[in-house]
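A.B. asks: Structure file upload-v7.cif (mmCIF, C-alpha atoms) right here:
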```cif
data_entry
#
loop_
_atom_site.label_atom_id
_atom_site.label_comp_id
_atom_site.auth_asym_id
_atom_site.auth_seq_id
_atom_site.Cartn_x
_atom_site.Cartn_y
_atom_site.Cartn_z
CA MET A 1 26.04 -22.57 -34.95
CA ASN A 2 26.33 -24.87 -37.92
CA ILE A 3 28.92 -27.61 -37.38
CA LEU A 4 30.44 -30.11 -39.80
CA LEU A 5 31.88 -33.21 -38.10
CA VAL A 6 34.21 -35.26 -40.30
CA GLY A 7 34.39 -39.02 -39.72
CA SER A 8 32.33 -42.17 -39.33
CA GLY A 9 33.59 -44.16 -36.34
CA GLY A 10 32.70 -44.60 -32.70
CA ARG A 11 34.79 -41.59 -31.78
CA GLU A 12 32.80 -39.41 -34.16
CA HIS A 13 29.45 -40.83 -33.01
CA ALA A 14 30.39 -39.97 -29.42
CA LEU A 15 31.46 -36.47 -30.43
CA ALA A 16 28.23 -35.99 -32.41
CA TRP A 17 26.19 -37.21 -29.43
CA LYS A 18 27.84 -34.65 -27.17
CA ILE A 19 27.84 -31.80 -29.71
CA LYS A 20 24.11 -32.32 -30.33
CA GLN A 21 23.43 -31.63 -26.65
CA SER A 22 24.82 -28.08 -26.92
CA PRO A 23 22.25 -25.27 -27.00
CA LEU A 24 24.68 -23.41 -29.28
CA VAL A 25 24.16 -25.85 -32.16
CA LYS A 26 21.50 -25.25 -34.79
CA ARG A 27 22.67 -27.72 -37.44
CA LEU A 28 25.00 -30.72 -37.26
CA VAL A 29 26.20 -32.45 -40.42
CA CYS A 30 28.43 -35.54 -40.32
CA ALA A 31 30.47 -36.68 -43.31
CA PRO A 32 30.33 -39.55 -43.98
CA GLY A 33 28.67 -40.49 -40.68
CA ASN A 34 27.16 -43.88 -39.88
CA PRO A 35 23.69 -45.34 -39.11
CA GLY A 36 23.94 -44.35 -35.45
CA MET A 37 24.91 -40.78 -36.28
CA ALA A 38 22.05 -40.58 -38.81
CA GLY A 39 19.65 -40.64 -35.86
CA ILE A 40 20.97 -37.36 -34.44
CA ALA A 41 22.46 -35.48 -37.42
CA GLU A 42 22.41 -35.06 -41.18
CA ILE A 43 24.89 -37.33 -42.93
CA ARG A 44 26.65 -36.86 -46.26
CA ASP A 45 28.54 -39.56 -48.13
CA LEU A 46 32.01 -38.00 -48.32
CA LYS A 47 35.27 -39.69 -47.37
CA PRO A 48 37.33 -37.87 -44.72
CA THR A 49 40.23 -37.66 -47.18
CA GLU A 50 38.15 -35.97 -49.93
CA VAL A 51 39.54 -32.63 -48.85
CA ALA A 52 38.17 -30.39 -51.61
CA ARG A 53 34.66 -31.87 -51.29
CA GLN A 54 34.72 -31.55 -47.49
CA VAL A 55 35.62 -27.86 -47.83
CA MET A 56 32.82 -27.38 -50.37
CA LEU A 57 30.37 -29.05 -47.97
CA ALA A 58 31.49 -26.75 -45.15
CA GLN A 59 30.86 -23.77 -47.41
CA GLU A 60 27.50 -25.15 -48.56
CA ILE A 61 26.14 -25.45 -45.02
CA ALA A 62 27.79 -22.18 -43.92
CA ALA A 63 29.71 -24.06 -41.24
CA ASP A 64 30.81 -21.95 -38.29
CA LEU A 65 33.14 -24.79 -37.27
CA VAL A 66 34.53 -28.00 -38.75
CA VAL A 67 35.57 -30.74 -36.32
CA ILE A 68 38.07 -33.29 -37.68
CA GLY A 69 37.71 -36.75 -36.20
CA PRO A 70 40.09 -39.25 -37.88
CA GLU A 71 43.84 -39.04 -38.32
CA VAL A 72 43.62 -39.72 -42.05
CA ALA A 73 41.89 -36.36 -42.57
CA VAL A 74 44.63 -34.62 -40.59
CA GLU A 75 47.34 -36.27 -42.69
CA ALA A 76 45.45 -35.36 -45.89
CA GLY A 77 45.65 -31.65 -44.98
CA LEU A 78 41.96 -30.94 -44.35
CA ALA A 79 42.76 -28.36 -41.67
CA ASP A 80 45.16 -26.60 -44.05
CA ALA A 81 42.48 -26.38 -46.75
CA LEU A 82 39.85 -25.12 -44.33
CA GLU A 83 42.23 -22.47 -43.01
CA ALA A 84 42.88 -21.31 -46.57
CA ALA A 85 39.12 -21.05 -47.07
CA GLY A 86 38.69 -19.03 -43.88
CA ILE A 87 36.65 -21.69 -42.06
CA PRO A 88 37.40 -22.28 -38.35
CA CYS A 89 38.64 -25.82 -37.77
CA PHE A 90 39.20 -28.02 -34.72
CA GLY A 91 42.12 -30.17 -35.81
CA PRO A 92 45.82 -29.67 -36.51
CA THR A 93 47.48 -28.94 -39.83
CA ALA A 94 49.25 -31.75 -41.67
CA ALA A 95 52.59 -30.39 -40.43
CA ALA A 96 51.49 -30.41 -36.77
CA GLY A 97 49.83 -33.78 -37.35
CA MET A 98 53.22 -35.28 -38.13
CA LEU A 99 53.33 -35.95 -34.40
CA GLU A 100 51.08 -38.90 -35.24
CA SER A 101 51.53 -39.57 -38.93
CA SER A 102 55.25 -40.39 -38.61
CA LYS A 103 56.71 -42.18 -35.62
CA ALA A 104 60.22 -41.45 -36.92
CA PHE A 105 59.37 -37.72 -36.97
CA THR A 106 58.06 -37.93 -33.41
CA LYS A 107 61.16 -39.70 -32.10
CA ALA A 108 63.40 -37.04 -33.63
CA PHE A 109 61.02 -34.37 -32.26
CA CYS A 110 61.36 -35.85 -28.75
CA ASP A 111 65.15 -35.74 -29.03
CA ARG A 112 65.11 -32.17 -30.29
CA HIS A 113 62.75 -30.88 -27.58
CA HIS A 114 63.87 -33.16 -24.72
CA LEU A 115 60.68 -35.18 -24.19
CA PRO A 116 61.17 -38.46 -22.30
CA THR A 117 60.62 -41.52 -24.49
CA SER A 118 62.13 -44.94 -25.19
CA GLN A 119 65.42 -45.61 -26.97
CA TYR A 120 64.93 -46.35 -30.67
CA ARG A 121 66.36 -47.00 -34.12
CA ILE A 122 64.78 -45.81 -37.40
CA CYS A 123 65.20 -48.32 -40.23
CA ASP A 124 64.51 -48.03 -43.96
CA THR A 125 65.11 -51.68 -44.91
CA ALA A 126 64.31 -55.06 -43.40
CA GLU A 127 68.02 -55.87 -43.17
CA GLU A 128 68.73 -52.66 -41.28
CA ALA A 129 65.84 -53.31 -38.90
CA LYS A 130 66.93 -56.86 -38.15
CA ALA A 131 70.45 -55.66 -37.44
CA ALA A 132 69.05 -53.00 -35.10
CA LEU A 133 67.49 -55.69 -32.91
CA SER A 134 70.96 -56.38 -31.55
CA HIS A 135 70.84 -53.03 -29.73
CA PHE A 136 67.78 -54.09 -27.68
CA GLU A 137 66.69 -56.77 -25.24
CA PRO A 138 63.51 -58.85 -25.70
CA PRO A 139 60.64 -58.31 -25.82
CA TYR A 140 61.15 -56.25 -28.96
CA VAL A 141 58.90 -53.39 -30.09
CA VAL A 142 58.48 -53.09 -33.87
CA LYS A 143 56.40 -50.17 -35.20
CA ALA A 144 55.34 -49.21 -38.70
CA ASP A 145 56.32 -45.58 -39.18
CA GLY A 146 53.04 -44.33 -40.66
CA LEU A 147 49.33 -44.55 -39.89
CA ALA A 148 48.14 -48.16 -39.52
CA ALA A 149 44.76 -47.77 -37.75
CA GLY A 150 46.27 -48.70 -34.39
CA LYS A 151 47.50 -52.07 -35.65
CA GLY A 152 51.05 -51.20 -36.74
CA VAL A 153 52.73 -52.15 -33.47
CA ALA A 154 54.11 -55.60 -32.65
CA ILE A 155 55.42 -56.64 -29.24
CA ALA A 156 57.65 -59.61 -30.10
CA PRO A 157 58.74 -61.97 -27.31
CA ASP A 158 61.85 -63.15 -29.16
CA ARG A 159 64.04 -62.36 -32.13
CA THR A 160 62.27 -64.78 -34.45
CA ALA A 161 58.91 -63.08 -33.84
CA ALA A 162 60.53 -59.63 -34.18
CA GLU A 163 62.06 -60.52 -37.54
CA ALA A 164 58.68 -61.86 -38.71
CA ALA A 165 57.06 -58.54 -37.70
CA ILE A 166 59.75 -56.66 -39.62
CA ASP A 167 59.13 -58.79 -42.70
CA ASP A 168 55.37 -58.16 -42.40
CA ALA A 169 55.92 -54.40 -42.39
CA PHE A 170 58.31 -54.28 -45.32
CA SER A 171 56.25 -56.77 -47.35
CA GLY A 172 53.38 -54.28 -47.53
CA HIS A 173 51.17 -55.61 -44.73
CA PHE A 174 50.52 -52.01 -43.61
CA GLY A 175 50.81 -50.44 -47.05
CA ALA A 176 52.91 -47.30 -47.30
CA ALA A 177 52.84 -46.99 -43.49
CA GLY A 178 55.33 -49.87 -43.25
CA ALA A 179 57.88 -48.54 -45.73
CA ARG A 180 59.95 -47.53 -42.71
CA VAL A 181 59.95 -49.06 -39.23
CA VAL A 182 60.99 -47.96 -35.78
CA ILE A 183 62.58 -50.45 -33.39
CA GLU A 184 62.06 -49.37 -29.79
CA GLU A 185 63.11 -50.24 -26.29
CA TYR A 186 60.37 -52.11 -24.42
CA LEU A 187 59.13 -50.03 -21.50
CA GLU A 188 58.01 -51.61 -18.22
CA GLY A 189 55.06 -50.02 -16.46
CA GLU A 190 51.38 -49.22 -16.94
CA ILE A 191 49.95 -47.56 -20.05
CA GLY A 192 47.62 -44.56 -19.84
CA SER A 193 45.96 -42.11 -22.21
CA LEU A 194 45.89 -38.38 -21.42
CA PHE A 195 44.31 -35.66 -23.58
CA ALA A 196 45.11 -31.97 -23.86
CA LEU A 197 43.58 -29.16 -25.92
CA CYS A 198 45.56 -26.40 -27.61
CA ASP A 199 44.62 -23.29 -29.61
CA GLY A 200 48.11 -22.66 -30.95
CA LYS A 201 49.28 -20.80 -27.85
CA HIS A 202 47.26 -21.89 -24.82
CA SER A 203 46.51 -25.40 -23.59
CA LYS A 204 44.29 -27.25 -21.11
CA LEU A 205 44.14 -30.82 -19.91
CA PHE A 206 41.04 -32.61 -21.17
CA GLY A 207 40.68 -35.90 -19.36
CA TRP A 208 42.36 -39.27 -19.13
CA ALA A 209 41.46 -42.92 -19.56
CA GLN A 210 42.96 -46.39 -19.81
CA ASP A 211 42.66 -48.50 -22.96
CA HIS A 212 42.81 -52.26 -23.60
CA LYS A 213 44.85 -52.66 -26.78
CA ARG A 214 45.23 -56.44 -27.03
CA VAL A 215 42.45 -58.38 -28.71
CA PHE A 216 41.84 -61.09 -26.10
CA ASP A 217 41.12 -61.29 -22.37
CA GLY A 218 44.13 -61.04 -20.11
CA ASP A 219 45.82 -58.64 -22.56
CA ARG A 220 46.76 -61.46 -24.92
CA GLY A 221 46.99 -61.50 -28.69
CA PRO A 222 47.88 -58.83 -31.23
CA ASN A 223 47.36 -55.10 -30.80
CA THR A 224 44.12 -53.59 -32.06
CA GLY A 225 42.72 -50.10 -32.35
CA GLY A 226 41.34 -50.67 -28.83
CA MET A 227 38.92 -53.26 -27.40
CA GLY A 228 37.60 -51.15 -24.55
CA THR A 229 38.41 -48.40 -22.12
CA TYR A 230 37.37 -46.74 -18.88
CA SER A 231 37.65 -43.42 -17.07
CA PRO A 232 38.75 -42.26 -14.57
CA ALA A 233 41.81 -44.50 -14.48
CA PRO A 234 43.55 -45.07 -11.11
CA VAL A 235 46.95 -45.06 -12.81
CA PHE A 236 46.54 -41.28 -13.21
CA THR A 237 47.54 -40.00 -9.80
CA TYR A 238 47.89 -36.25 -9.31
CA ASP A 239 51.66 -36.57 -9.65
CA LEU A 240 51.46 -38.53 -12.91
CA ILE A 241 49.00 -36.04 -14.40
CA GLU A 242 51.24 -33.11 -13.52
CA GLN A 243 54.36 -34.87 -14.78
CA THR A 244 52.65 -35.74 -18.07
CA ARG A 245 51.48 -32.17 -18.48
CA THR A 246 54.87 -30.59 -17.76
CA LEU A 247 57.15 -33.20 -19.37
CA LEU A 248 55.12 -34.25 -22.42
CA ALA A 249 51.99 -32.26 -23.33
CA GLU A 250 53.15 -28.67 -22.85
CA PRO A 251 56.65 -29.24 -24.32
CA ALA A 252 55.01 -30.87 -27.34
CA PHE A 253 52.79 -27.85 -27.95
CA LYS A 254 55.69 -25.43 -27.48
CA GLY A 255 58.02 -27.54 -29.59
CA ILE A 256 55.72 -27.96 -32.58
CA ALA A 257 54.96 -24.20 -32.52
CA ALA A 258 58.71 -23.46 -32.43
CA ASP A 259 59.05 -25.75 -35.44
CA GLY A 260 56.60 -23.53 -37.33
CA ALA A 261 53.39 -25.55 -36.96
CA PRO A 262 51.24 -24.26 -34.06
CA TYR A 263 48.90 -26.98 -32.82
CA ARG A 264 45.13 -26.41 -32.82
CA GLY A 265 42.99 -29.26 -31.62
CA VAL A 266 43.42 -32.15 -29.21
CA LEU A 267 46.62 -34.06 -28.55
CA PHE A 268 46.35 -37.64 -27.33
CA VAL A 269 49.38 -38.55 -25.20
CA GLU A 270 49.81 -42.31 -24.87
CA LEU A 271 52.34 -42.85 -22.10
CA MET A 272 53.98 -45.52 -20.02
CA ALA A 273 53.99 -44.82 -16.29
CA THR A 274 57.44 -46.15 -15.42
CA ARG A 275 59.30 -46.07 -12.12
CA HIS A 276 61.28 -43.17 -13.60
CA GLY A 277 58.15 -41.16 -14.45
CA PRO A 278 56.02 -40.96 -17.61
CA LYS A 279 57.62 -41.83 -20.94
CA LEU A 280 55.98 -41.21 -24.28
CA ILE A 281 54.77 -44.22 -26.25
CA GLU A 282 53.23 -42.14 -29.01
CA PHE A 283 51.24 -39.01 -29.80
CA ASN A 284 47.94 -39.05 -31.67
CA ALA A 285 46.79 -35.86 -33.38
CA ARG A 286 43.09 -36.38 -32.57
CA PHE A 287 40.76 -37.74 -29.93
CA GLY A 288 41.32 -41.39 -29.03
CA ASP A 289 39.05 -44.22 -30.04
CA PRO A 290 37.55 -45.72 -27.85
CA GLU A 291 38.73 -43.26 -25.15
CA THR A 292 36.55 -40.45 -26.51
CA GLN A 293 33.43 -42.46 -25.82
CA VAL A 294 33.98 -42.60 -22.07
CA LEU A 295 35.22 -39.00 -21.92
CA MET A 296 32.05 -37.72 -23.61
CA LEU A 297 29.90 -39.64 -21.13
CA ARG A 298 31.79 -38.10 -18.21
CA LEU A 299 32.07 -34.54 -19.56
CA GLU A 300 29.67 -32.25 -17.69
CA SER A 301 30.67 -29.08 -19.57
CA ASP A 302 29.35 -28.12 -22.99
CA LEU A 303 31.91 -29.46 -25.48
CA VAL A 304 31.27 -26.94 -28.27
CA PRO A 305 32.83 -23.84 -26.65
CA TYR A 306 36.10 -25.77 -26.17
CA LEU A 307 36.14 -26.92 -29.79
CA MET A 308 35.47 -23.39 -31.03
CA ALA A 309 38.02 -21.83 -28.66
CA CYS A 310 40.74 -24.14 -29.96
CA ALA A 311 39.88 -23.18 -33.54
CA THR A 312 39.88 -19.44 -32.85
CA GLY A 313 42.71 -18.99 -30.35
CA ARG A 314 40.55 -18.25 -27.28
CA LEU A 315 41.09 -21.33 -25.12
CA ASN A 316 42.54 -19.17 -22.32
CA GLU A 317 39.13 -17.49 -21.95
CA LEU A 318 37.43 -20.70 -20.82
CA PRO A 319 37.50 -22.35 -17.38
CA ASP A 320 38.80 -25.87 -16.96
CA PRO A 321 36.22 -28.46 -18.05
CA VAL A 322 33.95 -30.02 -15.43
CA TRP A 323 33.73 -33.82 -15.20
CA ARG A 324 31.04 -36.02 -13.68
CA ASP A 325 31.99 -37.95 -10.57
CA GLU A 326 30.67 -41.20 -12.11
CA ALA A 327 32.87 -43.77 -13.82
CA ALA A 328 32.40 -44.67 -17.47
CA ILE A 329 33.33 -47.81 -19.39
CA CYS A 330 33.30 -48.79 -23.06
CA VAL A 331 33.16 -52.38 -24.38
CA VAL A 332 34.04 -52.79 -28.05
CA LEU A 333 32.19 -55.36 -30.15
CA ALA A 334 34.11 -56.45 -33.24
CA THR A 335 33.63 -58.85 -36.13
CA GLU A 336 35.10 -62.30 -35.53
CA GLY A 337 38.62 -62.40 -36.96
CA TYR A 338 39.56 -58.81 -36.16
CA PRO A 339 42.30 -57.47 -36.17
CA GLY A 340 43.12 -60.01 -38.88
CA PRO A 341 40.97 -60.80 -41.92
CA ALA A 342 37.27 -60.53 -41.09
CA LYS A 343 34.10 -60.74 -43.15
CA ALA A 344 31.90 -57.66 -43.41
CA GLY A 345 28.15 -57.69 -43.89
CA SER A 346 26.72 -59.64 -40.95
CA VAL A 347 23.46 -58.31 -39.50
CA ILE A 348 23.44 -56.83 -35.99
CA GLY A 349 20.09 -57.14 -34.26
CA GLY A 350 18.60 -55.95 -31.02
CA LEU A 351 19.74 -52.33 -31.27
CA ASP A 352 16.25 -50.79 -31.14
CA GLN A 353 15.63 -51.26 -27.43
CA ASP A 354 16.13 -49.57 -24.10
CA PHE A 355 19.43 -50.86 -22.72
CA GLY A 356 18.84 -49.43 -19.27
CA GLU A 357 20.04 -46.57 -17.11
CA GLY A 358 23.34 -44.96 -18.04
CA VAL A 359 23.90 -47.02 -21.21
CA VAL A 360 24.72 -45.52 -24.62
CA VAL A 361 25.58 -47.56 -27.72
CA PHE A 362 27.80 -45.85 -30.29
CA HIS A 363 28.19 -47.17 -33.83
CA ALA A 364 31.84 -47.62 -34.82
CA GLY A 365 31.98 -49.60 -38.06
CA THR A 366 28.44 -50.15 -39.33
CA SER A 367 26.44 -49.44 -42.46
CA ALA A 368 22.76 -49.33 -43.34
CA GLY A 369 21.40 -52.51 -44.90
CA PRO A 370 18.05 -53.20 -46.57
CA ASP A 371 14.81 -52.77 -44.64
CA GLY A 372 16.49 -50.76 -41.89
CA THR A 373 18.97 -53.45 -40.87
CA VAL A 374 22.39 -52.57 -39.46
CA LEU A 375 25.38 -54.32 -41.04
CA ALA A 376 28.77 -54.80 -39.41
CA GLY A 377 32.01 -53.89 -41.12
CA ALA A 378 35.14 -56.03 -41.00
CA GLY A 379 36.46 -54.59 -37.75
CA ARG A 380 35.19 -52.81 -34.66
CA ALA A 381 31.44 -52.35 -35.08
CA LEU A 382 29.86 -51.15 -31.84
CA ASN A 383 30.88 -49.42 -28.61
CA VAL A 384 28.64 -50.31 -25.69
CA CYS A 385 29.23 -47.66 -23.03
CA ALA A 386 27.81 -47.01 -19.58
CA LEU A 387 28.03 -44.64 -16.63
CA GLY A 388 27.85 -45.83 -13.04
CA ARG A 389 28.43 -44.62 -9.51
CA ASP A 390 31.70 -46.53 -9.70
CA LEU A 391 33.48 -48.67 -12.27
CA ALA A 392 31.88 -51.90 -11.01
CA GLU A 393 28.37 -50.54 -11.58
CA ALA A 394 29.29 -49.07 -14.98
CA ARG A 395 30.82 -52.41 -16.00
CA GLU A 396 27.74 -54.36 -14.91
CA ARG A 397 25.49 -52.06 -16.93
CA ALA A 398 27.66 -52.21 -20.05
CA TYR A 399 27.99 -56.00 -20.09
CA GLY A 400 24.28 -56.33 -19.35
CA ALA A 401 23.61 -54.33 -22.51
CA VAL A 402 26.12 -56.37 -24.52
CA ALA A 403 24.16 -59.52 -23.64
CA LEU A 404 21.02 -58.03 -25.23
CA ILE A 405 22.61 -57.46 -28.65
CA ASP A 406 21.95 -60.17 -31.23
CA TRP A 407 25.13 -60.63 -33.23
CA PRO A 408 26.50 -64.19 -33.46
CA GLU A 409 29.33 -63.08 -35.77
CA GLY A 410 30.70 -60.62 -33.23
CA PHE A 411 32.98 -60.94 -30.22
CA HIS A 412 34.25 -58.82 -27.33
CA ARG A 413 36.59 -58.94 -24.38
CA THR A 414 34.95 -59.87 -21.10
CA ASP A 415 37.50 -58.23 -18.79
CA ILE A 416 37.43 -54.50 -19.61
CA GLY A 417 38.39 -52.58 -16.47
CA TRP A 418 40.18 -55.55 -14.86
CA ARG A 419 43.24 -53.58 -13.88
CA ALA A 420 41.33 -50.90 -11.97
CA LEU A 421 38.91 -53.35 -10.37
CA GLY A 422 41.85 -55.49 -9.21
CA ARG A 423 43.48 -52.63 -7.33
#
```
Would you mind writing the file's structure down as structure tokens?
C.D. replies:
Amino acid sequence: MNILLVGSGGREHALAWKIKQSPLVKRLVCAPGNPGMAGIAEIRDLKPTEVARQVMLAQEIAADLVVIGPEVAVEAGLADALEAAGIPCFGPTAAAGMLESSKAFTKAFCDRHHLPTSQYRICDTAEEAKAALSHFEPPYVVKADGLAAGKGVAIAPDRTAAEAAIDDAFSGHFGAAGARVVIEEYLEGEIGSLFALCDGKHSKLFGWAQDHKRVFDGDRGPNTGGMGTYSPAPVFTYDLIEQTRTLLAEPAFKGIAADGAPYRGVLFVELMATRHGPKLIEFNARFGDPETQVLMLRLESDLVPYLMACATGRLNELPDPVWRDEAAICVVLATEGYPGPAKAGSVIGGLDQDFGEGVVVFHAGTSAGPDGTVLAGAGRALNVCALGRDLAEARERAYGAVALIDWPEGFHRTDIGWRALGR
């Protein structure tokens, strides 16, 4: 098979790493890719949102399958264009992808199809949003409606902070994504990430993990795209998995199909495990980042048949995926200043070495510099991941590898996995 993988982040590097292991794959092309992906695949300098050029590339390499990584490509309609060109695609159409690209759409969808979620108000002006705060108790949840790279959510401890977050959104801090905001009820409980595959009719669960969204140790500071994750996550008991499947994942697939947009790809269900059962925080219309990294380390099965089955409507023909018994952890290294303003271009050294048993380093936001150097972007740059017999061993291996990387301008959390290890 010839496969085109669209994207350039840590999620896509992890997917490329796993896809490359499949005996079914003859050629893997990543667009645009990154320096880490260049070591295992061909890379082409095309933005994920350059839909026409991505379709032309798929045709040029005679792609048997295109795998969409980032949400921006889903929103841009890449799957729609590939379908029109007769090219199998793992990734939902723009209409199905509205489950991620508009939080207001998703809230209305949950009401229409009876999915459990928090109470909310949709607001089109700052004045309307500030007035809506009166319907909620602190802490307040303020969300930009559109795609904001995981940074469009503010948990405000008081009304003053909530109004500042509202002003940030409507002043253009998140671009067009903040032209509308959603004010939500704050949910008490523990957050988890569950993934499910769908081919338009049939679905399968595809792993779970727990993310660390806040930028600093102890879950302090602003939300980020994710500072680390681990799998398996103790929060996912058998009961919670079954409740999430029956109350959230399967009704979402059935509902979006009933609305005229059958879902093909992976659905990321971010949920709050409350004392009343799971409640939806949000859907993402793609694999999570950095959750994908630990899932790919733990996945024993060949990934490619599942991707192809989703694209061609044959998911029901495959058995459930097989997972390794080991635990996996991912520690994100980011440029100092992230998720606020950060300076790109610092050199990351020490990557050309053996980091030890079970360790894999995925590139997330890097570029190739002169003389073979690796340069960091202005955000999350590396994902240092490790497998271990248990989470403690995986954590020790990952942080041991982090200590070997030479990057004074970078930072990371030192407590990834704290919740599970504290149980």
A.B. asks: Please identify all polymer residues lying at most 10 Å from the point (41.9, -38.7, -37.0) (file coordinates), using all atoms listed in the file, and present the result as a compact mmCIF listing (two decimals) with C-alpha atoms, in the coordinates of the input.
C.D. replies:
```txt
# COMPACT_ATOMS: atom_id res chain seq x y z
CA VAL A 6 34.21 -35.26 -40.30
CA GLY A 7 34.39 -39.02 -39.72
CA GLY A 9 33.59 -44.16 -36.34
CA ARG A 11 34.79 -41.59 -31.78
CA GLU A 12 32.80 -39.41 -34.16
CA PRO A 48 37.33 -37.87 -44.72
CA ILE A 68 38.07 -33.29 -37.68
CA GLY A 69 37.71 -36.75 -36.20
CA PRO A 70 40.09 -39.25 -37.88
CA GLU A 71 43.84 -39.04 -38.32
CA VAL A 72 43.62 -39.72 -42.05
CA ALA A 73 41.89 -36.36 -42.57
CA VAL A 74 44.63 -34.62 -40.59
CA GLU A 75 47.34 -36.27 -42.69
CA GLY A 91 42.12 -30.17 -35.81
CA PRO A 92 45.82 -29.67 -36.51
CA GLY A 97 49.83 -33.78 -37.35
CA GLU A 100 51.08 -38.90 -35.24
CA SER A 101 51.53 -39.57 -38.93
CA LEU A 147 49.33 -44.55 -39.89
CA ALA A 149 44.76 -47.77 -37.75
CA ASN A 284 47.94 -39.05 -31.67
CA ALA A 285 46.79 -35.86 -33.38
CA ARG A 286 43.09 -36.38 -32.57
CA PHE A 287 40.76 -37.74 -29.93
CA GLY A 288 41.32 -41.39 -29.03
CA ASP A 289 39.05 -44.22 -30.04
```
A.B. asks: Using only C-alpha atoms, which residue out of A:Asp168, A:Asp415, A:Asp406, A:Glu396 lies closest to Ala376 of chain A?
C.D. replies: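 Between A:Asp168, A:Asp415, A:Asp406, A:Glu396, the residue approaching Ala376 of chain A most closely is A:Asp406.
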A.B. asks: On this file, the PyMOL selection byres ((chain A and resi 210) around 6) gives some set of residues; write that set as an MDAnalysis selection string.
C.D. replies: chainID A and resid 192:193 209 211 229:230 233
A.B. asks: Can those selected residues be exported to a file as a tab-separated table (two decimals), in the frame of the given file so that it contains C-alpha atoms?
C.D. replies:
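Now in result_7.tsv:
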```tsv
chain	number	residue	atom	x	y	z
A	192	GLY	CA	47.62	-44.56	-19.84
A	193	SER	CA	45.96	-42.11	-22.21
A	209	ALA	CA	41.46	-42.92	-19.56
A	211	ASP	CA	42.66	-48.50	-22.96
A	229	THR	CA	38.41	-48.40	-22.12
A	230	TYR	CA	37.37	-46.74	-18.88
A	233	ALA	CA	41.81	-44.50	-14.48
```
A.B. asks: Check what the PyMOL selection byres ((chain A and resi 374) around 10) selects in the file above and give those residues as number ranges by chain.
C.D. replies: A: 34-36, 345-351, 363, 366-373, 375-377
A.B. asks: Given the point (56.1, -46.0, -39.2) in the coordinates of this file, which residues lie within 12 Å, counting only C-alpha atoms, and how would they look as a PDB file with C-alpha atoms, in the coordinates of the input?
C.D. replies:
```pdb
ATOM      1  CA  MET A  98      53.220 -35.280 -38.130  1.00  0.00           C
ATOM      2  CA  LEU A  99      53.330 -35.950 -34.400  1.00  0.00           C
ATOM      3  CA  GLU A 100      51.080 -38.900 -35.240  1.00  0.00           C
ATOM      4  CA  SER A 101      51.530 -39.570 -38.930  1.00  0.00           C
ATOM      5  CA  SER A 102      55.250 -40.390 -38.610  1.00  0.00           C
ATOM      6  CA  LYS A 103      56.710 -42.180 -35.620  1.00  0.00           C
ATOM      7  CA  ALA A 104      60.220 -41.450 -36.920  1.00  0.00           C
ATOM      8  CA  PHE A 105      59.370 -37.720 -36.970  1.00  0.00           C
ATOM      9  CA  THR A 106      58.060 -37.930 -33.410  1.00  0.00           C
ATOM     10  CA  LYS A 107      61.160 -39.700 -32.100  1.00  0.00           C
ATOM     11  CA  ARG A 121      66.360 -47.000 -34.120  1.00  0.00           C
ATOM     12  CA  ILE A 122      64.780 -45.810 -37.400  1.00  0.00           C
ATOM     13  CA  CYS A 123      65.200 -48.320 -40.230  1.00  0.00           C
ATOM     14  CA  ASP A 124      64.510 -48.030 -43.960  1.00  0.00           C
ATOM     15  CA  VAL A 142      58.480 -53.090 -33.870  1.00  0.00           C
ATOM     16  CA  LYS A 143      56.400 -50.170 -35.200  1.00  0.00           C
ATOM     17  CA  ALA A 144      55.340 -49.210 -38.700  1.00  0.00           C
ATOM     18  CA  ASP A 145      56.320 -45.580 -39.180  1.00  0.00           C
ATOM     19  CA  GLY A 146      53.040 -44.330 -40.660  1.00  0.00           C
ATOM     20  CA  LEU A 147      49.330 -44.550 -39.890  1.00  0.00           C
ATOM     21  CA  ALA A 148      48.140 -48.160 -39.520  1.00  0.00           C
ATOM     22  CA  ALA A 149      44.760 -47.770 -37.750  1.00  0.00           C
ATOM     23  CA  GLY A 150      46.270 -48.700 -34.390  1.00  0.00           C
ATOM     24  CA  LYS A 151      47.500 -52.070 -35.650  1.00  0.00           C
ATOM     25  CA  GLY A 152      51.050 -51.200 -36.740  1.00  0.00           C
ATOM     26  CA  VAL A 153      52.730 -52.150 -33.470  1.00  0.00           C
ATOM     27  CA  ALA A 154      54.110 -55.600 -32.650  1.00  0.00           C
ATOM     28  CA  ILE A 166      59.750 -56.660 -39.620  1.00  0.00           C
ATOM     29  CA  ALA A 169      55.920 -54.400 -42.390  1.00  0.00           C
ATOM     30  CA  PHE A 170      58.310 -54.280 -45.320  1.00  0.00           C
ATOM     31  CA  PHE A 174      50.520 -52.010 -43.610  1.00  0.00           C
ATOM     32  CA  GLY A 175      50.810 -50.440 -47.050  1.00  0.00           C
ATOM     33  CA  ALA A 176      52.910 -47.300 -47.300  1.00  0.00           C
ATOM     34  CA  ALA A 177      52.840 -46.990 -43.490  1.00  0.00           C
ATOM     35  CA  GLY A 178      55.330 -49.870 -43.250  1.00  0.00           C
ATOM     36  CA  ALA A 179      57.880 -48.540 -45.730  1.00  0.00           C
ATOM     37  CA  ARG A 180      59.950 -47.530 -42.710  1.00  0.00           C
ATOM     38  CA  VAL A 181      59.950 -49.060 -39.230  1.00  0.00           C
ATOM     39  CA  VAL A 182      60.990 -47.960 -35.780  1.00  0.00           C
ATOM     40  CA  ILE A 183      62.580 -50.450 -33.390  1.00  0.00           C
ATOM     41  CA  GLU A 184      62.060 -49.370 -29.790  1.00  0.00           C
ATOM     42  CA  GLU A 282      53.230 -42.140 -29.010  1.00  0.00           C
TER      43      GLU A 282
END
```
